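Asks: Please find one structure pasted underneath; my questions will follow.
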Amino acid sequence: MSWSKAKTVANWEPEKQREFLDSLSPEQVGELQLRPWYWIGRPEQQLPEGDWDVWLLLTGRGFGKTRTALENFLLLMVDLPEWEGTPTQWGIIGETFSDCRNILIEGPAGLIGILDRLKIPYTYNKSLWQITLGTGQVIHLLGADNPDVGRGFNFAGLVMDEFAKWRNGKRIWQEGLHFTLRVGPHPRAIVATTPKMGNSQLKEWLVSPKVVVTKGSLDDNADNLPASFIEGITEQYAGTRLERQERYGELIEEVEGALWNYDDILIWRRHVPEIIRTVVAIDPAISNTENSDETGIVVASRCRDGELLVRADLTIKAPPTQWAQRAIDAYHEYEADRIVYEDNQGGDAWAEIIHSIDPYIAVKPVHAMVGKRLRAEPIAALYEQHKVWHMAHFDKLEGQMTTWEPYDPKSKSPDRVDALVHALTELNPTGTKSRFISELMDFCTNPTCGQANPKGQVICQHCLRPMAG
């Protein structure tokens, strides 16, 4: 772990500290009191030297990448106050406009705090969403939730935060933002992001001679983070691909054979949709020991226009009464129509546990008659058709989706994915009638059932009524 110059001096003996301070002029002491970035930032957080167009901060969470990007962004601005007699224009872009405002500008590591600390005069215009420095330079505040972000601007430099999470990020960069960098002798972009599996633009930057890459992890900034935060991250992610990605900033290649890829996992950024049906789906763990699986709990809805919306991943490792309570709480919070649960192992016991807590909950058992792959394939196809949206980034769920290898017999059973598949199958009236399953099964036509049965069955094994309804 490297230290900043300030921390290095703070760890010296008092006599050596006094000698250092006595060697400084009053002006230098005054400058250090403002805590300039060269003084308080770690060596790897300083602006790179050399001929580069993009500085890619590809790091784990907690590294300090956003603060690093903004501090150095200001240094670039100070070096180029004007071009051809006109104050220069700059851009800061977040994943969404709200993120730009709440995190990059007004947040704890945001630009406003940096400007105030350095006593740089500025005006913050919230009507135009611009910051104008005393030099006349203008910083435009933008969000990548606008697919045309940046068009029409002429920038001397950019900050692009959490780029890997941007929807259509590659197109936004290559067709939009890249072309805005046309002011000054060397326009530059600083990109700060935790990697996401399969991001093709990150792969291109990693091999480009015009890109400087700084890698780092949460542990590089451990001295500035609560021990409880680091312990929690370790407990949740230790030994997983998500730990490599989220903690250590490693760009993981997509798993060959996985049913999902990140490009097909879309994040809902529009108006609140009109919901017509909601379910809470459970994939119960069959035991409750230290080595037990989690109980997958996923909330999903069907919208009026037919789109499917994944609203929450509430998966938990807990005994049945606790996960049942969590599912019941979600049932009421999201105004669900029913709880769907897999009864292959546990049978009616799961419904009895739920009803022992709340006897008025509508429940429906699902008896899986085919393997996990056959059940998941039609749901993965819905993602490919862009018929499913996630209300937010569900890192653990999406990690399972993109790393589960259904053709590998050693691949761990995906509890979150199972719950997701049960939820979307229940909501999508044609989802289970895909060719993958219909070749093997008949489906009960009773409107309250619809479950799969072996070919030729006359009485449904689930609702015990004639298959013809």
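A note on labels: chains of the structure tokens are A, B, ... as shown, every chain counts residues from 1, and ligands are counted from 1 in their shown order.
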As a list of chain:residue names, please: all residues of stretch 199-291 of chain A that backbone DSSP puts in strand (DSSP E or B).
Replies: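 Taking stretch 199-291 of chain A and keeping strand (DSSP E or B) only, one gets A:Val211, A:Val212, A:Val213, A:Thr214, A:Lys215, A:Gly216, A:Leu266, A:Ile267, A:Ile275, A:Ile276, A:Arg277, A:Thr278, A:Val279, A:Val280, A:Ala281, A:Ile282, A:Asp283.
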Asks: Tell me which protein, DNA and RNA residues are within 8 Å of A:Leu259, counting only C-alpha atoms, leaving out same-chain ones fewer than 6 positions away, and put them as number ranges by chain.
Replies: A: 376-377, 380, 401-402, 404-406
Asks: Limited to C-alpha atoms, could you put the picked residues into a file as a CSV table (one decimal), in the first residue's frame?
Replies:
```
chain,number,residue,atom,x,y,z
A,376,ALA,CA,-33.7,-20.8,-17.8
A,377,GLU,CA,-33.2,-20.8,-21.6
A,380,ALA,CA,-32.6,-15.8,-21.3
A,401,MET,CA,-26.7,-14.8,-14.5
A,402,THR,CA,-23.5,-14.1,-16.4
A,404,TRP,CA,-23.5,-19.7,-14.4
A,405,GLU,CA,-22.5,-22.4,-16.8
A,406,PRO,CA,-25.6,-24.6,-17.2
```
Asks: Given only C-alpha atoms as the basis, pick out the residue of A:Val207, A:Val299, A:Leu133, A:Val363 nearest to A:Glu82.
Replies: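 Result for the nearest residue to A:Glu82: A:Leu133.
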Asks: One decimal, in Å: what's the spacing between atom CA of A:Val138 and atom CA of A:Gln46?
Replies: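 Rounded to one decimal, the two atoms are 23.4 Å apart.
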Asks: Just checking: using only C-alpha atoms, which residue out of A:Gln201, A:Asn453, A:Gln461, A:Thr194 ends up closest to A:Gln174?
Replies: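 Counting only C-alpha atoms, the residue closest to A:Gln174 is A:Gln201.
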Asks: Just want the 8 Å neighbourhood of A:Gly62, counted on only C-alpha atoms, with same-chain residues fewer than 5 positions away dropped. Output as a list in words.
Replies: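 Once the adjacent positions are removed, what remains is Ser217, Leu218, Asp219, Asn221, Leu225 and Arg247 of chain A.
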Asks: Do you know which residues are at most 9 Å from A:Gly249 counting only C-alpha atoms, after dropping those on the same chain fewer than 5 positions away, and could you put them as a ChimeraX atom specification?
Replies: /A:58-61,193-196,215-218,243-244
Asks: With C-alpha atoms retained, export the selected residues as an mmCIF file, in the first residue's frame.
Replies:
```
data_model
loop_
_atom_site.group_PDB
_atom_site.id
_atom_site.type_symbol
_atom_site.label_atom_id
_atom_site.label_comp_id
_atom_site.auth_asym_id
_atom_site.auth_seq_id
_atom_site.Cartn_x
_atom_site.Cartn_y
_atom_site.Cartn_z
ATOM 1 C CA LEU A 58 -10.043 0.795 -13.723
ATOM 2 C CA THR A 59 -10.296 -0.018 -10.046
ATOM 3 C CA GLY A 60 -12.320 -1.755 -7.397
ATOM 4 C CA ARG A 61 -14.840 0.023 -5.249
ATOM 5 C CA THR A 193 -14.995 2.968 -13.378
ATOM 6 C CA THR A 194 -15.247 -0.368 -11.676
ATOM 7 C CA PRO A 195 -15.135 -2.949 -14.492
ATOM 8 C CA LYS A 196 -18.110 -4.952 -15.667
ATOM 9 C CA LYS A 215 -5.499 -0.353 -11.795
ATOM 10 C CA GLY A 216 -6.190 -0.596 -8.110
ATOM 11 C CA SER A 217 -8.317 -2.137 -5.409
ATOM 12 C CA LEU A 218 -10.304 -1.299 -2.333
ATOM 13 C CA GLU A 243 -14.792 -10.056 -5.417
ATOM 14 C CA ARG A 244 -12.250 -10.020 -8.235
#
```
Asks: Skipping near chain neighbours, those fewer than 2 positions away, what residues fall within 9 Å of stretch 112-120 of chain A using only C-alpha atoms, listed as a list in words?
Replies: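 Residues meeting the cut-off are Leu34, Arg35, Pro36, Arg67, Leu70, Glu71, Leu74, Leu104, Ile105, Glu106, Gly107, Pro108, Ala109, Gly110, Tyr122, Tyr124, Leu133 and Gly134 of chain A.
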Asks: Measuring between only C-alpha atoms, which one of A:Pro87, A:Pro147, A:Pro121, A:Gly169 shows the shortest distance to A:Val191?
Replies: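 Ranking A:Pro87, A:Pro147, A:Pro121, A:Gly169 by distance to A:Val191, first place goes to A:Gly169.
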